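Novice: What follows is protein-v9.txt, compact mmCIF, C-alpha atoms and all ligand atoms.
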# COMPACT_ATOMS: atom_id res chain seq x y z
CA MET A 1 18.41 264.91 62.99
CA SER A 2 16.20 267.84 64.02
CA ASN A 3 13.70 267.50 66.82
CA LYS A 4 10.82 268.57 64.56
CA VAL A 5 7.94 266.13 64.25
CA ILE A 6 7.37 265.84 60.54
CA THR A 7 4.31 264.01 59.35
CA ILE A 8 4.30 262.61 55.85
CA GLU A 9 1.63 265.11 54.94
CA ARG A 10 3.78 268.05 56.00
CA HIS A 11 6.76 266.57 54.16
CA ILE A 12 4.81 266.14 50.94
CA ILE A 13 3.27 269.63 51.11
CA GLU A 14 6.67 271.22 51.77
CA GLU A 15 8.20 269.26 48.91
CA GLU A 16 5.38 270.28 46.63
CA ARG A 17 5.70 273.94 47.58
CA ALA A 18 9.36 273.78 46.64
CA SER A 19 8.53 272.54 43.15
CA GLN A 20 7.40 275.13 40.65
CA GLY A 21 3.92 274.95 39.19
CA ALA A 22 2.60 272.58 41.86
CA THR A 23 -1.17 272.75 42.24
CA GLY A 24 -1.67 270.70 45.38
CA ASP A 25 -3.30 268.00 43.29
CA PHE A 26 -0.41 265.62 43.84
CA SER A 27 -0.34 265.99 47.63
CA ALA A 28 -4.09 265.39 47.72
CA LEU A 29 -3.58 262.18 45.71
CA LEU A 30 -0.98 260.97 48.19
CA ARG A 31 -3.26 261.82 51.09
CA ASP A 32 -5.91 259.46 49.67
CA LEU A 33 -3.26 256.78 49.23
CA MET A 34 -2.09 257.19 52.86
CA LEU A 35 -5.62 256.49 54.04
CA ALA A 36 -5.70 253.29 51.98
CA VAL A 37 -2.39 251.99 53.38
CA LYS A 38 -3.47 252.78 56.94
CA ILE A 39 -6.63 250.71 56.39
CA ILE A 40 -4.51 247.87 54.97
CA HIS A 41 -2.17 248.17 57.98
CA ARG A 42 -5.18 247.86 60.30
CA GLU A 43 -6.29 244.65 58.61
CA VAL A 44 -2.77 243.20 58.34
CA ILE A 45 -2.14 243.55 62.07
CA ARG A 46 -5.48 241.89 62.83
CA ALA A 47 -4.97 239.16 60.26
CA GLY A 48 -4.52 236.29 62.68
CA LEU A 49 -7.38 237.49 64.87
CA VAL A 50 -10.26 237.91 62.53
CA ASP A 51 -9.76 234.84 60.41
CA ILE A 52 -9.77 236.72 57.17
CA LEU A 53 -7.10 234.50 55.71
CA GLY A 54 -7.56 231.47 53.54
CA ALA A 55 -10.08 230.73 50.86
CA THR A 56 -11.89 233.60 49.17
CA HIS A 57 -15.59 234.00 49.84
CA ARG A 58 -15.50 231.80 52.91
CA GLU A 59 -17.92 232.92 55.57
CA ASN A 60 -16.59 234.06 58.92
CA ILE A 61 -18.33 233.32 62.21
CA GLN A 62 -20.60 236.33 61.84
CA GLY A 63 -21.78 234.90 58.52
CA GLU A 64 -20.06 237.67 56.55
CA VAL A 65 -18.22 236.79 53.40
CA VAL A 66 -14.51 237.14 54.08
CA GLN A 67 -11.89 238.16 51.59
CA LYS A 68 -8.27 237.18 51.21
CA LEU A 69 -6.04 239.94 52.46
CA ASP A 70 -4.46 240.66 49.07
CA GLU A 71 -7.87 241.05 47.44
CA PHE A 72 -9.00 243.21 50.34
CA ALA A 73 -5.94 245.46 49.90
CA ASN A 74 -6.63 245.70 46.19
CA ASP A 75 -10.23 246.83 46.78
CA VAL A 76 -9.25 249.31 49.49
CA ILE A 77 -6.75 251.06 47.24
CA PHE A 78 -9.17 251.19 44.32
CA ARG A 79 -12.00 252.56 46.46
CA ALA A 80 -9.77 255.14 48.17
CA MET A 81 -8.43 256.39 44.85
CA ASP A 82 -11.32 256.20 42.37
CA HIS A 83 -13.19 259.39 43.23
CA GLY A 84 -10.59 262.06 44.09
CA GLY A 85 -10.35 263.45 40.56
CA HIS A 86 -6.56 263.01 40.52
CA LEU A 87 -6.32 259.82 38.47
CA CYS A 88 -7.24 258.93 34.89
CA ALA A 89 -6.92 255.16 35.52
CA MET A 90 -5.21 252.59 37.72
CA ALA A 91 -3.49 249.26 37.11
CA SER A 92 -2.88 246.59 39.72
CA GLU A 93 -0.84 243.41 39.85
CA GLU A 94 -4.07 241.70 40.89
CA ASN A 95 -6.07 242.67 37.80
CA GLU A 96 -5.49 241.66 34.24
CA GLY A 97 -6.57 244.87 32.53
CA LEU A 98 -6.52 248.56 33.27
CA LEU A 99 -8.84 249.74 36.07
CA ALA A 100 -11.08 252.53 34.80
CA ILE A 101 -12.21 255.44 36.96
CA PRO A 102 -16.00 255.09 37.38
CA GLU A 103 -17.98 257.21 34.95
CA GLU A 104 -19.47 259.49 37.62
CA TYR A 105 -16.08 260.79 38.80
CA PRO A 106 -13.79 263.35 37.16
CA LYS A 107 -10.62 262.10 35.47
CA GLY A 108 -7.30 263.54 36.60
CA LYS A 109 -3.78 263.92 35.28
CA TYR A 110 -2.04 260.98 36.95
CA ILE A 111 -2.09 257.20 36.68
CA LEU A 112 -1.46 254.89 39.65
CA LEU A 113 0.17 251.47 39.28
CA PHE A 114 0.29 249.24 42.36
CA ASP A 115 0.96 245.87 43.92
CA PRO A 116 -1.56 245.86 46.79
CA LEU A 117 0.15 243.19 48.90
CA ASP A 118 3.56 242.00 47.82
CA GLY A 119 4.92 238.82 49.36
CA SER A 120 1.45 237.40 49.81
CA SER A 121 2.74 233.86 50.28
CA ASN A 122 4.13 235.12 53.60
CA ILE A 123 0.79 236.36 55.00
CA ASP A 124 -0.19 233.15 56.78
CA ALA A 125 3.22 233.00 58.50
CA ASN A 126 3.03 236.54 59.94
CA VAL A 127 6.11 237.58 57.98
CA SER A 128 6.63 241.12 56.60
CA ILE A 129 4.66 242.02 53.49
CA GLY A 130 4.11 245.34 51.73
CA THR A 131 2.22 247.58 49.34
CA ILE A 132 4.09 249.08 46.36
CA PHE A 133 2.97 252.08 44.30
CA SER A 134 4.13 254.01 41.26
CA ILE A 135 2.73 257.27 39.88
CA HIS A 136 3.10 258.62 36.35
CA ARG A 137 1.74 261.74 34.73
CA ARG A 138 -0.73 260.73 32.02
CA VAL A 139 0.31 261.03 28.37
CA THR A 140 -3.20 261.04 26.87
CA ALA A 141 -5.59 264.02 26.67
CA GLU A 142 -6.67 265.53 30.00
CA GLU A 143 -10.17 264.85 31.36
CA THR A 144 -10.65 261.73 29.21
CA ASP A 145 -10.48 258.12 30.40
CA GLY A 146 -6.90 256.93 30.80
CA THR A 147 -5.63 254.21 28.46
CA VAL A 148 -2.98 251.49 28.53
CA GLU A 149 -0.65 254.01 26.89
CA ASP A 150 -0.65 255.99 30.15
CA ALA A 151 0.45 252.87 32.03
CA LEU A 152 3.10 251.71 29.58
CA GLN A 153 5.73 254.35 30.30
CA PRO A 154 9.37 253.69 31.14
CA GLY A 155 10.20 253.84 34.85
CA TYR A 156 12.44 256.90 34.62
CA LYS A 157 9.29 258.91 33.92
CA GLN A 158 7.72 258.07 37.30
CA ILE A 159 6.99 261.19 39.27
CA ALA A 160 6.76 259.34 42.57
CA ALA A 161 7.04 255.83 43.93
CA GLY A 162 6.94 254.21 47.31
CA TYR A 163 6.13 251.22 49.42
CA THR A 164 4.74 250.45 52.81
CA ILE A 165 6.16 247.55 54.74
CA TYR A 166 3.96 245.91 57.35
CA GLY A 167 6.59 244.54 59.73
CA PRO A 168 7.37 244.94 63.44
CA SER A 169 6.34 248.52 62.76
CA THR A 170 4.67 249.82 59.62
CA MET A 171 6.88 252.05 57.50
CA LEU A 172 6.36 254.02 54.35
CA VAL A 173 9.33 254.75 52.12
CA TYR A 174 8.81 257.29 49.39
CA THR A 175 10.53 259.27 46.64
CA ALA A 176 9.34 262.03 44.37
CA GLY A 177 12.71 262.22 42.65
CA ARG A 178 14.36 264.37 45.32
CA GLY A 179 15.79 261.72 47.63
CA VAL A 180 14.25 258.91 49.63
CA TYR A 181 12.42 259.39 52.91
CA GLY A 182 11.13 256.85 55.40
CA PHE A 183 8.19 257.40 57.72
CA THR A 184 7.15 255.13 60.57
CA LEU A 185 3.49 254.80 61.48
CA ASP A 186 2.73 255.84 65.04
CA PRO A 187 -0.40 253.75 65.53
CA SER A 188 -1.44 255.74 68.62
CA VAL A 189 -2.01 258.89 66.54
CA GLY A 190 -2.44 257.23 63.14
CA GLU A 191 0.29 259.33 61.51
CA PHE A 192 3.37 258.44 59.49
CA LEU A 193 6.26 260.36 61.09
CA LEU A 194 9.59 261.04 59.41
CA SER A 195 12.04 258.53 60.90
CA HIS A 196 14.58 258.02 58.08
CA ASP A 197 15.69 261.32 56.56
CA ASN A 198 17.35 261.19 53.12
CA ILE A 199 18.11 257.46 53.02
CA ARG A 200 21.42 256.55 51.29
CA ILE A 201 22.23 252.95 50.43
CA PRO A 202 25.75 251.78 51.44
CA GLU A 203 28.25 251.49 48.56
CA HIS A 204 28.75 247.80 49.26
CA ASN A 205 27.91 245.12 51.78
CA GLY A 206 28.47 241.39 51.91
CA ILE A 207 24.81 240.38 51.81
CA TYR A 208 23.10 238.64 48.90
CA SER A 209 19.39 237.91 48.72
CA VAL A 210 17.98 235.38 46.27
CA ASN A 211 15.83 232.25 46.10
CA GLU A 212 18.69 229.79 45.87
CA GLY A 213 16.25 226.93 45.35
CA ASN A 214 16.33 227.98 41.71
CA TYR A 215 20.10 227.35 41.41
CA MET A 216 19.83 224.45 38.95
CA LYS A 217 17.52 226.50 36.72
CA TRP A 218 19.88 229.47 36.45
CA SER A 219 22.37 230.29 33.73
CA PRO A 220 25.97 229.07 34.29
CA GLU A 221 27.00 232.74 34.80
CA MET A 222 24.48 233.25 37.58
CA ARG A 223 25.57 230.02 39.25
CA LYS A 224 29.18 231.21 39.08
CA TYR A 225 28.32 234.39 40.96
CA ILE A 226 26.63 232.38 43.69
CA ASP A 227 29.58 229.97 43.85
CA TRP A 228 31.86 233.00 44.21
CA VAL A 229 29.96 234.57 47.13
CA LYS A 230 30.01 231.20 48.87
CA GLN A 231 33.76 230.87 48.90
CA ASP A 232 35.16 231.07 52.38
CA ILE A 233 36.31 234.62 51.86
CA PRO A 234 35.69 235.78 48.30
CA GLU A 235 38.61 237.35 46.51
CA GLU A 236 38.93 241.10 47.29
CA GLN A 237 36.50 240.81 50.20
CA LYS A 238 37.33 241.16 53.87
CA LYS A 239 34.72 238.73 55.16
CA SER A 240 32.35 236.04 53.95
CA TYR A 241 29.03 236.89 52.40
CA SER A 242 25.77 236.26 54.23
CA LEU A 243 22.53 235.16 52.63
CA ARG A 244 19.32 236.89 53.73
CA TYR A 245 16.08 235.94 52.01
CA ILE A 246 12.61 236.76 53.29
CA GLY A 247 10.69 236.02 50.10
CA SER A 248 8.78 239.33 50.19
CA MET A 249 10.56 241.53 47.68
CA VAL A 250 9.48 244.66 49.45
CA ALA A 251 11.07 243.47 52.71
CA ASP A 252 14.20 242.10 51.02
CA ILE A 253 14.78 245.36 49.13
CA HIS A 254 13.98 247.43 52.22
CA ARG A 255 16.73 245.65 54.14
CA THR A 256 19.06 246.05 51.15
CA LEU A 257 18.33 249.79 51.08
CA LEU A 258 19.22 250.21 54.76
CA TYR A 259 22.08 247.70 55.16
CA GLY A 260 23.42 247.41 51.63
CA GLY A 261 23.99 244.28 49.55
CA VAL A 262 22.10 242.96 46.56
CA PHE A 263 18.67 241.53 45.86
CA LEU A 264 18.38 239.27 42.83
CA TYR A 265 15.51 237.71 40.95
CA PRO A 266 17.17 236.42 37.80
CA ALA A 267 15.61 234.73 34.79
CA ASP A 268 15.74 230.95 34.80
CA VAL A 269 14.80 228.10 32.49
CA LYS A 270 11.25 228.11 33.85
CA SER A 271 10.70 231.88 34.15
CA LYS A 272 12.60 233.04 31.08
CA LYS A 273 11.96 236.71 31.83
CA GLY A 274 12.21 236.44 35.59
CA LYS A 275 9.29 236.38 37.98
CA LEU A 276 8.77 239.95 39.09
CA ARG A 277 6.67 242.54 37.32
CA LEU A 278 8.20 245.59 35.68
CA LEU A 279 5.35 248.04 36.29
CA TYR A 280 4.18 247.10 39.79
CA GLU A 281 7.37 245.84 41.43
CA ALA A 282 10.62 246.51 39.53
CA ASN A 283 10.04 250.12 38.45
CA PRO A 284 8.92 251.63 41.76
CA MET A 285 11.60 249.77 43.76
CA SER A 286 14.28 250.71 41.19
CA PHE A 287 13.32 254.38 41.34
CA ILE A 288 13.68 254.33 45.13
CA VAL A 289 16.97 252.43 45.12
CA GLU A 290 18.48 254.72 42.46
CA GLN A 291 17.33 257.80 44.35
CA ALA A 292 19.16 256.44 47.38
CA GLY A 293 22.39 256.04 45.37
CA GLY A 294 21.96 252.40 44.36
CA ARG A 295 21.55 250.63 41.04
CA ALA A 296 18.82 248.50 39.47
CA THR A 297 19.55 246.55 36.29
CA ASP A 298 18.65 243.34 34.49
CA GLY A 299 22.14 242.08 35.31
CA LEU A 300 23.39 242.69 31.79
CA GLY A 301 24.00 246.40 32.24
CA ASN A 302 20.53 247.55 31.17
CA ARG A 303 18.94 250.02 33.57
CA LEU A 304 15.46 248.75 34.50
CA LEU A 305 14.05 252.29 34.53
CA GLU A 306 14.82 252.63 30.81
CA ILE A 307 12.90 249.58 29.65
CA MET A 308 9.99 250.55 27.40
CA PRO A 309 7.09 248.40 28.64
CA THR A 310 4.94 246.66 26.06
CA GLU A 311 2.41 244.96 28.32
CA LEU A 312 0.87 245.56 31.73
CA HIS A 313 2.13 242.37 33.36
CA GLN A 314 5.56 242.28 31.74
CA ARG A 315 8.19 240.48 33.81
CA VAL A 316 11.83 241.37 34.13
CA PRO A 317 14.99 239.94 35.74
CA LEU A 318 16.17 242.04 38.69
CA VAL A 319 19.57 242.89 40.15
CA VAL A 320 19.02 245.67 42.67
CA GLY A 321 21.09 247.15 45.45
CA SER A 322 24.40 248.74 46.42
CA PRO A 323 26.29 250.01 43.36
CA LYS A 324 29.38 247.90 43.99
CA ASN A 325 27.38 244.70 44.62
CA VAL A 326 25.40 245.21 41.40
CA GLU A 327 28.68 245.70 39.56
CA GLU A 328 30.01 242.42 41.00
CA VAL A 329 26.93 240.52 39.87
CA GLU A 330 27.11 242.10 36.42
CA SER A 331 30.74 241.15 35.97
CA PHE A 332 29.69 237.49 36.32
CA LEU A 333 26.45 237.70 34.33
CA GLN A 334 28.22 239.46 31.49
CA GLY A 335 30.75 236.63 31.45
CA LYS A 336 33.66 238.92 32.37
CA ARG A 337 34.81 236.75 35.20
CA ALA A 338 34.55 233.25 36.61
CA VAL A 339 35.15 231.92 40.12
P1 LIG B 401 3.53 238.23 44.85
O1 LIG B 401 3.39 239.60 44.27
O2 LIG B 401 2.51 237.25 44.33
O3 LIG B 401 3.60 238.25 46.32
O4 LIG B 401 4.92 237.59 44.26
C1 LIG B 401 6.10 238.32 44.35
C2 LIG B 401 7.01 237.75 45.40
C3 LIG B 401 8.07 238.71 45.80
O5 LIG B 401 7.68 239.47 46.90
C4 LIG B 401 9.22 237.82 46.15
O6 LIG B 401 10.45 238.42 45.92
C5 LIG B 401 9.03 236.66 45.24
O7 LIG B 401 7.67 236.63 44.88
C6 LIG B 401 9.35 235.38 45.94
O8 LIG B 401 9.45 234.37 45.01
P2 LIG B 401 10.03 232.94 45.40
O9 LIG B 401 8.90 232.20 46.01
O10 LIG B 401 10.49 232.37 44.11
O11 LIG B 401 11.15 233.13 46.35
MG MG B 402 4.19 241.31 44.21
Let's see the structure in the file written out as structure tokens.
Ligand code: AHM
Ligand code: MG
Specialist:
Amino acid sequence: MSNKVITIERHIIEEERASQGATGDFSALLRDLMLAVKIIHREVIRAGLVDILGATHRENIQGEVVQKLDEFANDVIFRAMDHGGHLCAMASEENEGLLAIPEEYPKGKYILLFDPLDGSSNIDANVSIGTIFSIHRRVTAEETDGTVEDALQPGYKQIAAGYTIYGPSTMLVYTAGRGVYGFTLDPSVGEFLLSHDNIRIPEHNGIYSVNEGNYMKWSPEMRKYIDWVKQDIPEEQKKSYSLRYIGSMVADIHRTLLYGGVFLYPADVKSKKGKLRLLYEANPMSFIVEQAGGRATDGLGNRLLEIMPTELHQRVPLVVGSPKNVEEVESFLQGKRAV
């Protein structure tokens, strides 16, 4: 590790310089996004203090209308990104349709897809939550309004993706297709500083992460995998598996990226296509995990990044993590082995 202090801005500019034909447009877009996540960070860390949680449109003690934190985050990102001239449209997990760039602003060459606050059921408990983003180059004519076609692109076409995790410290993890980099926010100077250079996921680790409350709703194959990891010492393994489950995907996958293991959100009899969203959750996290040397599939050998989306809020089953763990899960889900 060098002793250089590398801000995220410097990192992005240097990366952009290294790529041919870069105009600076992309780094300016990311700069706007950094401002939005810093504002969200500021509100998240004050969440318990300013009573902004709970019912929407409640009045706080100053008589101001207060917003739920996930709606606040959604508005902040939209307002930080609507006027820069870099985007042709946006789409958010919080909104049903595409978000148009207001008429008065120029339309750019990118589209932004985001989940403003993932893991929102954890907000009231002061447990880690995060913001996830995905950027595609538009496929429709330049300078016009973006359309749903710009949003419905397979994940392998993303030009950048990232997430911020609001935890004991706030971190931003990011890829533009040339490795994965982690930056930690130094709140005293308000800058994200490079703290995790070129993150590589371990090949394997004995950690699985899943909402096991859904066990009875899973397929017999999925149940067999879980039965297998719960054996005293699973066959071929040196030690028992541990379960870690936060219930914020962004935090569960972040831990998986750093420590190894597997995160699963399979389909079940109730959620036949799984719970998590392809465009706002699965694609950006899969791009990051693959860039770090991991795998992200639907458990049946299909790479999530190759799915051709057909609707904005499409859901998908997820098996994401260390390559060897994903392989283990797949061998059960594909019916190739039993306990
Ligand atoms: P959200 O976007 O409404 O927060 O929902 C997504 C979250 C994920 O962060 C997490 O993995 C999952 O829902 C938790 O689901 P469950 O309650 O079934 O464990
Ligand atoms: Mg979410």
Novice: How would you report the residues lying within 9 Å of ligand MG 402 (chain B), as a ChimeraX atom specification, if you count only C-alpha atoms and all ligand atoms?
Specialist: /A:93-94,115-120,130-132,248-250,276-277,280-281
Novice: Go ahead and dump the residues you just picked, C-alpha atoms, as a PDB file, keeping the file's coordinate frame.
Specialist:
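File written: again08.pdb
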ATOM      1  CA  GLU A  93      -0.840 243.410  39.850  1.00  0.00           C
ATOM      2  CA  GLU A  94      -4.070 241.700  40.890  1.00  0.00           C
ATOM      3  CA  ASP A 115       0.960 245.870  43.920  1.00  0.00           C
ATOM      4  CA  PRO A 116      -1.560 245.860  46.790  1.00  0.00           C
ATOM      5  CA  LEU A 117       0.150 243.190  48.900  1.00  0.00           C
ATOM      6  CA  ASP A 118       3.560 242.000  47.820  1.00  0.00           C
ATOM      7  CA  GLY A 119       4.920 238.820  49.360  1.00  0.00           C
ATOM      8  CA  SER A 120       1.450 237.400  49.810  1.00  0.00           C
ATOM      9  CA  GLY A 130       4.110 245.340  51.730  1.00  0.00           C
ATOM     10  CA  THR A 131       2.220 247.580  49.340  1.00  0.00           C
ATOM     11  CA  ILE A 132       4.090 249.080  46.360  1.00  0.00           C
ATOM     12  CA  SER A 248       8.780 239.330  50.190  1.00  0.00           C
ATOM     13  CA  MET A 249      10.560 241.530  47.680  1.00  0.00           C
ATOM     14  CA  VAL A 250       9.480 244.660  49.450  1.00  0.00           C
ATOM     15  CA  LEU A 276       8.770 239.950  39.090  1.00  0.00           C
ATOM     16  CA  ARG A 277       6.670 242.540  37.320  1.00  0.00           C
ATOM     17  CA  TYR A 280       4.180 247.100  39.790  1.00  0.00           C
ATOM     18  CA  GLU A 281       7.370 245.840  41.430  1.00  0.00           C
TER      19      GLU A 281
END
Novice: Can you tell me, as a PyMOL selection string, what residues are no more than 12 Å from A:Gly182 when counting all atoms listed in the file, ignoring any on the same chain fewer than 6 positions away?
Specialist: chain A and resi 6-8+11+162-165+170-175+192-200+254+257-258+288+292
Novice: As an exercise, work out the distance from atom CA of A:Asn302 to atom CA of A:Glu203 in Å and give it to one decimal place.
Specialist: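 Atom CA of A:Asn302 sits 19.4 Å away from atom CA of A:Glu203.
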Novice: Name the closest residue to ligand LIG 401 (chain B) among the candidates A:Gly155, A:Gly293, A:Gly301, A:Pro266; distances are taken between atoms, counting all atoms listed in the file.
Specialist: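 Of the candidates, the smallest distance to ligand LIG 401 (chain B) is held by A:Pro266.
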Novice: Using atom CA of A:Glu191 and atom CA of A:Ile159 as the two end points, give the distance in Å to one decimal.
Specialist: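 The value is 23.3 Å.
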Novice: Which residue gives the smallest distance to ligand LIG 401 (chain B) among A:Ala141, A:Leu112, A:Val319, A:Ile12, with all atoms listed in the file counted?
Specialist: A:Val319
Novice: Mind pulling up the distance from atom CA of A:Ile129 to atom O3 of ligand LIG 401 (chain B)?
Specialist: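 Here the two named atoms are 8.2 Å from each other.
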Novice: My structure is short of atoms at stretch 269-278 of chain A; please model all heavy atoms there, returning them as a CSV table (one decimal), in the coordinates of the input.
Specialist:
chain,number,residue,atom,x,y,z
A,269,VAL,N,15.4,228.9,33.6
A,269,VAL,CA,14.8,228.1,32.5
A,269,VAL,C,13.3,228.0,32.5
A,269,VAL,O,12.6,227.9,31.5
A,269,VAL,CB,15.4,226.7,32.4
A,269,VAL,CG1,16.8,226.7,31.9
A,269,VAL,CG2,15.3,225.9,33.7
A,270,LYS,N,12.7,228.2,33.7
A,270,LYS,CA,11.2,228.1,33.8
A,270,LYS,C,10.6,229.5,33.6
A,270,LYS,O,9.7,229.7,32.9
A,270,LYS,CB,10.9,227.6,35.2
A,270,LYS,CG,9.6,226.7,35.2
A,270,LYS,CD,9.3,226.1,36.6
A,270,LYS,CE,8.2,226.8,37.2
A,270,LYS,NZ,8.3,226.9,38.7
A,271,SER,N,11.2,230.5,34.3
A,271,SER,CA,10.7,231.9,34.2
A,271,SER,C,11.7,232.6,33.3
A,271,SER,O,12.7,233.2,33.8
A,271,SER,CB,10.6,232.6,35.5
A,271,SER,OG,10.0,231.7,36.4
A,272,LYS,N,11.6,232.5,32.0
A,272,LYS,CA,12.6,233.0,31.1
A,272,LYS,C,12.8,234.5,31.2
A,272,LYS,O,13.9,235.1,30.8
A,272,LYS,CB,12.3,232.6,29.6
A,272,LYS,CG,12.3,231.1,29.5
A,272,LYS,CD,12.7,230.7,28.1
A,272,LYS,CE,13.2,229.3,27.9
A,272,LYS,NZ,12.3,228.3,28.5
A,273,LYS,N,11.8,235.3,31.7
A,273,LYS,CA,12.0,236.7,31.8
A,273,LYS,C,12.0,237.1,33.3
A,273,LYS,O,11.8,238.3,33.6
A,273,LYS,CB,10.8,237.4,31.1
A,273,LYS,CG,10.9,237.2,29.6
A,273,LYS,CD,9.8,237.9,28.9
A,273,LYS,CE,10.0,237.9,27.4
A,273,LYS,NZ,8.8,238.1,26.7
A,274,GLY,N,12.3,236.1,34.2
A,274,GLY,CA,12.2,236.4,35.6
A,274,GLY,C,10.8,236.3,36.1
A,274,GLY,O,9.9,236.0,35.3
A,275,LYS,N,10.6,236.6,37.4
A,275,LYS,CA,9.3,236.4,38.0
A,275,LYS,C,8.6,237.7,38.2
A,275,LYS,O,7.4,237.8,38.2
A,275,LYS,CB,9.4,235.6,39.3
A,275,LYS,CG,8.1,235.5,40.1
A,275,LYS,CD,8.3,234.8,41.4
A,275,LYS,CE,6.9,234.8,42.1
A,275,LYS,NZ,7.0,234.2,43.4
A,276,LEU,N,9.4,238.7,38.6
A,276,LEU,CA,8.8,240.0,39.1
A,276,LEU,C,8.3,240.9,38.0
A,276,LEU,O,8.8,240.9,36.9
A,276,LEU,CB,9.8,240.6,40.1
A,276,LEU,CG,10.1,239.7,41.3
A,276,LEU,CD1,11.2,240.4,42.1
A,276,LEU,CD2,8.9,239.4,42.1
A,277,ARG,N,7.3,241.7,38.3
A,277,ARG,CA,6.7,242.5,37.3
A,277,ARG,C,7.3,243.9,37.2
A,277,ARG,O,7.6,244.6,38.2
A,277,ARG,CB,5.2,242.8,37.7
A,277,ARG,CG,4.2,241.9,37.1
A,277,ARG,CD,4.2,240.5,37.6
A,277,ARG,NE,3.0,239.8,37.1
A,277,ARG,CZ,2.5,238.8,37.7
A,277,ARG,NH1,2.9,238.4,38.9
A,277,ARG,NH2,1.4,238.2,37.2
A,278,LEU,N,7.5,244.3,35.9
A,278,LEU,CA,8.2,245.6,35.7
A,278,LEU,C,7.4,246.8,36.3
A,278,LEU,O,8.0,247.6,37.0
A,278,LEU,CB,8.4,245.8,34.2
A,278,LEU,CG,9.0,247.1,33.7
A,278,LEU,CD1,10.4,247.2,34.2
A,278,LEU,CD2,9.0,247.1,32.2
